[in-house]
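Report on the following structure.
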Amino acid sequence: MGRPYVPVSVDFFGDEKILELTPLARLEYLEILCIAKRIESDGKVTLAQVRREQPDVEDHPGLLRELVKHELLVQEDDRTYLICAWLKWNKSAAELDQLRAKKAEAGRDGGRKSGETRARHAADAQGSTLLHAGEAAGEPKSITLEVTTTDDNGTEGASAERPPGPGSRAEPHLEKAQELAELAWQQPITPTVSRRQTKNIIRSVLRSGEPVADVDAVVRAGLRVWTVNGFKVELAQRRRDSARASPASSGSAIAGAMAKKGARP
């Protein structure tokens with residue numbers, strides 16, 4: 001699946017409500033559309049998310065009030081806003097999940113049919129009948145693993161099936177990635193991507209060999225750029241800072257540095 005995009009009409013700046021806005025409020029509205037699309041929140045954004053996206057803008061509350069006044073947003077509470085026409089032009093999070101599930105199922109069906117075709121061709125070429133798993137002594141049972149590709153933003157691609165190699169086992173980082181993703185969403189500043197993408201980004205970082213303690217430390221400290229590369233840049237920077245502060249320390253540099261600052265391990 002490619003990067004998500006916001007459908008914006010070529011007549012956007014000629015809309016009556018948009019024309020009544022100040023230039024900064026127009027930019028604020030476009031920013032809010034992009035945030036809502038990226039985190040798949042059904043058009044809901046928070047003041048903290050808006051501030052994090054444009055830290056150089058001083059009066060976010062005033063701009064949000066202007067958007068509410070012109071009926072482009074609805075204020076649900078003191079920190080949450082809802083885009084009025086979001087579901088008119090965009091699919092809901094539930095619909096997006098259903099589309100992903102259908103694509104994943106289509107990928108699995110295609111993988112099964114392709115495997116069956118290759119097996120038949122191999123049997124015909126050898127002039128023999130394929131044995132079912134377990135019929136011959138010492139022959140391993142046949143299993144399949146679902147393989148999902150993840151890009152730099154933690155977006156899952158089309159799934160496929162492949163037979164495991166010798167000694168293969170289930171995804172070793174999935175459970176830990178899920179645990180750390182939940183931890184990330186419990187922090188004061190939540191991720192700027194969806195929960196699914198948060199888990200996938202953390203899983204990709206763990207797959208690359210980064211220590212769990214270091215990844216845990218970055219999650220607890222908060223991450224500004226929620227991509228795989230952004231995560232690795234933050235890890236590298238914390239290691240450099242830790243090395244300058246205590247070059248002789250042993251074990252995990254990031255986790256050790258945070259422990260000295262009183263952060264939870």
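If you're wondering about the labels, chains in the structure tokens are A, B, ... by order shown, residues count from 1 in each chain, ligands from 1 in order shown.
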Residue neighbourhood stretch 22-24 of chain A, 9 Å, only C-alpha atoms, exclusion window fewer than 5 positions, as a PyMOL selection string: chain A and resi 29+57+63+66
Contact residues around A:Ala85 with only C-alpha atoms at 10 Å, ignoring same-chain residues under 2 positions, as a PyMOL selection string: chain A and resi 43+71-73+82-83+87-90
For the residues selected in the previous step, produce a file with N, CA, C and O atoms as a short mmCIF file (atom, residue, chain, number, x, y, z; two decimals), in the first residue's frame.
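Saved result, part23.cif, follows:
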```cif
data_model
loop_
_atom_site.label_atom_id
_atom_site.label_comp_id
_atom_site.auth_asym_id
_atom_site.auth_seq_id
_atom_site.Cartn_x
_atom_site.Cartn_y
_atom_site.Cartn_z
N GLY A 43 -10.88 11.74 11.30
CA GLY A 43 -11.02 13.20 11.29
C GLY A 43 -10.78 13.88 12.61
O GLY A 43 -10.97 15.09 12.72
N GLU A 71 -17.03 26.86 10.85
CA GLU A 71 -17.69 25.54 10.72
C GLU A 71 -16.88 24.55 9.90
O GLU A 71 -17.43 23.68 9.20
N LEU A 72 -15.56 24.66 9.99
CA LEU A 72 -14.69 23.65 9.37
C LEU A 72 -14.28 22.59 10.38
O LEU A 72 -13.95 21.47 10.01
N LEU A 73 -14.31 22.95 11.67
CA LEU A 73 -14.01 22.03 12.76
C LEU A 73 -15.12 22.11 13.80
O LEU A 73 -15.83 23.11 13.90
N LEU A 82 -12.75 17.89 15.67
CA LEU A 82 -13.22 16.98 14.63
C LEU A 82 -13.43 17.75 13.33
O LEU A 82 -14.08 18.80 13.32
N ILE A 83 -12.88 17.23 12.23
CA ILE A 83 -13.06 17.84 10.92
C ILE A 83 -14.49 17.54 10.46
O ILE A 83 -14.89 16.37 10.35
N LEU A 87 -15.62 12.40 6.82
CA LEU A 87 -16.13 11.13 6.31
C LEU A 87 -16.88 11.30 4.99
O LEU A 87 -17.23 10.30 4.35
N LYS A 88 -17.13 12.52 4.57
CA LYS A 88 -17.74 12.75 3.26
C LYS A 88 -16.74 12.50 2.15
O LYS A 88 -17.11 12.05 1.05
N TRP A 89 -15.46 12.77 2.41
CA TRP A 89 -14.43 12.67 1.37
C TRP A 89 -13.39 11.59 1.66
O TRP A 89 -12.53 11.33 0.81
N ASN A 90 -13.43 10.98 2.83
CA ASN A 90 -12.41 9.99 3.21
C ASN A 90 -13.05 8.73 3.79
O ASN A 90 -14.10 8.80 4.43
#
```
Determine, counting only C-alpha atoms, which protein, DNA and RNA residues have an atom within 9 Å of an atom of A:Ala25; residues of the same chain fewer than 5 positions away are not included. Present the result as a compact mmCIF listing (two decimals) with N, CA and C atoms, in the first residue's frame.
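Writing the result to part-v6.txt gives the following:
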```
# COMPACT_ATOMS: atom_id res chain seq x y z
N ILE A 18 -13.22 28.79 2.99
CA ILE A 18 -11.77 28.96 2.93
C ILE A 18 -11.41 30.41 2.65
N LEU A 30 -5.05 22.78 6.38
CA LEU A 30 -4.36 21.78 5.56
C LEU A 30 -3.50 20.86 6.43
N HIS A 60 -1.75 28.52 17.93
CA HIS A 60 -2.59 27.42 17.45
C HIS A 60 -4.01 27.49 18.02
N GLY A 62 -5.82 30.03 18.79
CA GLY A 62 -6.58 31.06 18.08
C GLY A 62 -6.95 30.63 16.68
N LEU A 63 -6.02 29.95 15.99
CA LEU A 63 -6.32 29.47 14.64
C LEU A 63 -7.40 28.39 14.66
N LEU A 64 -7.35 27.53 15.67
CA LEU A 64 -8.37 26.48 15.79
C LEU A 64 -9.75 27.10 16.06
N GLU A 66 -10.72 29.96 15.03
CA GLU A 66 -11.15 30.54 13.76
C GLU A 66 -11.77 29.46 12.86
N LEU A 67 -11.17 28.28 12.84
CA LEU A 67 -11.69 27.18 12.03
C LEU A 67 -13.03 26.68 12.57
```
Distance in Å - atom CA of A:Arg79 versus atom CA of A:Thr46: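 One can read the atom CA of A:Arg79 to atom CA of A:Thr46 distance as 5.4 Å.
Taking atom CA of A:Gln237 and atom CA of A:Val212 as the two end points, the separation is 16.6 Å.
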DSSP-assigned strand (DSSP E or B) members of stretch 53-133 of chain A, reported as number ranges by chain: A: 73-75, 80-83
How about saving the chosen residues, N, CA and C atoms kept, as an mmCIF file, in the first residue's frame?
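The resulting file, part-v5.cif, is reproduced below:
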```
data_model
loop_
_atom_site.group_PDB
_atom_site.id
_atom_site.type_symbol
_atom_site.label_atom_id
_atom_site.label_comp_id
_atom_site.auth_asym_id
_atom_site.auth_seq_id
_atom_site.Cartn_x
_atom_site.Cartn_y
_atom_site.Cartn_z
ATOM 1 N N LEU A 73 -14.306 22.954 11.667
ATOM 2 C CA LEU A 73 -14.010 22.032 12.758
ATOM 3 C C LEU A 73 -15.119 22.106 13.798
ATOM 4 N N VAL A 74 -15.224 21.031 14.581
ATOM 5 C CA VAL A 74 -16.084 21.019 15.768
ATOM 6 C C VAL A 74 -15.198 20.703 16.964
ATOM 7 N N GLN A 75 -15.277 21.517 18.011
ATOM 8 C CA GLN A 75 -14.474 21.266 19.202
ATOM 9 C C GLN A 75 -15.219 20.300 20.114
ATOM 10 N N THR A 80 -9.510 18.306 21.830
ATOM 11 C CA THR A 80 -9.825 17.470 20.672
ATOM 12 C C THR A 80 -10.757 18.207 19.716
ATOM 13 N N TYR A 81 -10.426 18.090 18.413
ATOM 14 C CA TYR A 81 -11.221 18.740 17.373
ATOM 15 C C TYR A 81 -11.574 17.712 16.297
ATOM 16 N N LEU A 82 -12.748 17.890 15.666
ATOM 17 C CA LEU A 82 -13.221 16.978 14.635
ATOM 18 C C LEU A 82 -13.429 17.750 13.333
ATOM 19 N N ILE A 83 -12.877 17.225 12.235
ATOM 20 C CA ILE A 83 -13.065 17.838 10.919
ATOM 21 C C ILE A 83 -14.493 17.538 10.457
#
```
In stretch 10-92 of chain A, DSSP helix (DSSP H, G or I) residues written as a PyMOL selection string: chain A and resi 12-14+16-19+23-39+47-53+60-69+86-89
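In this model, the gap between atom CA of A:Val219 and atom CA of A:Thr198 comes to 10.3 Å.
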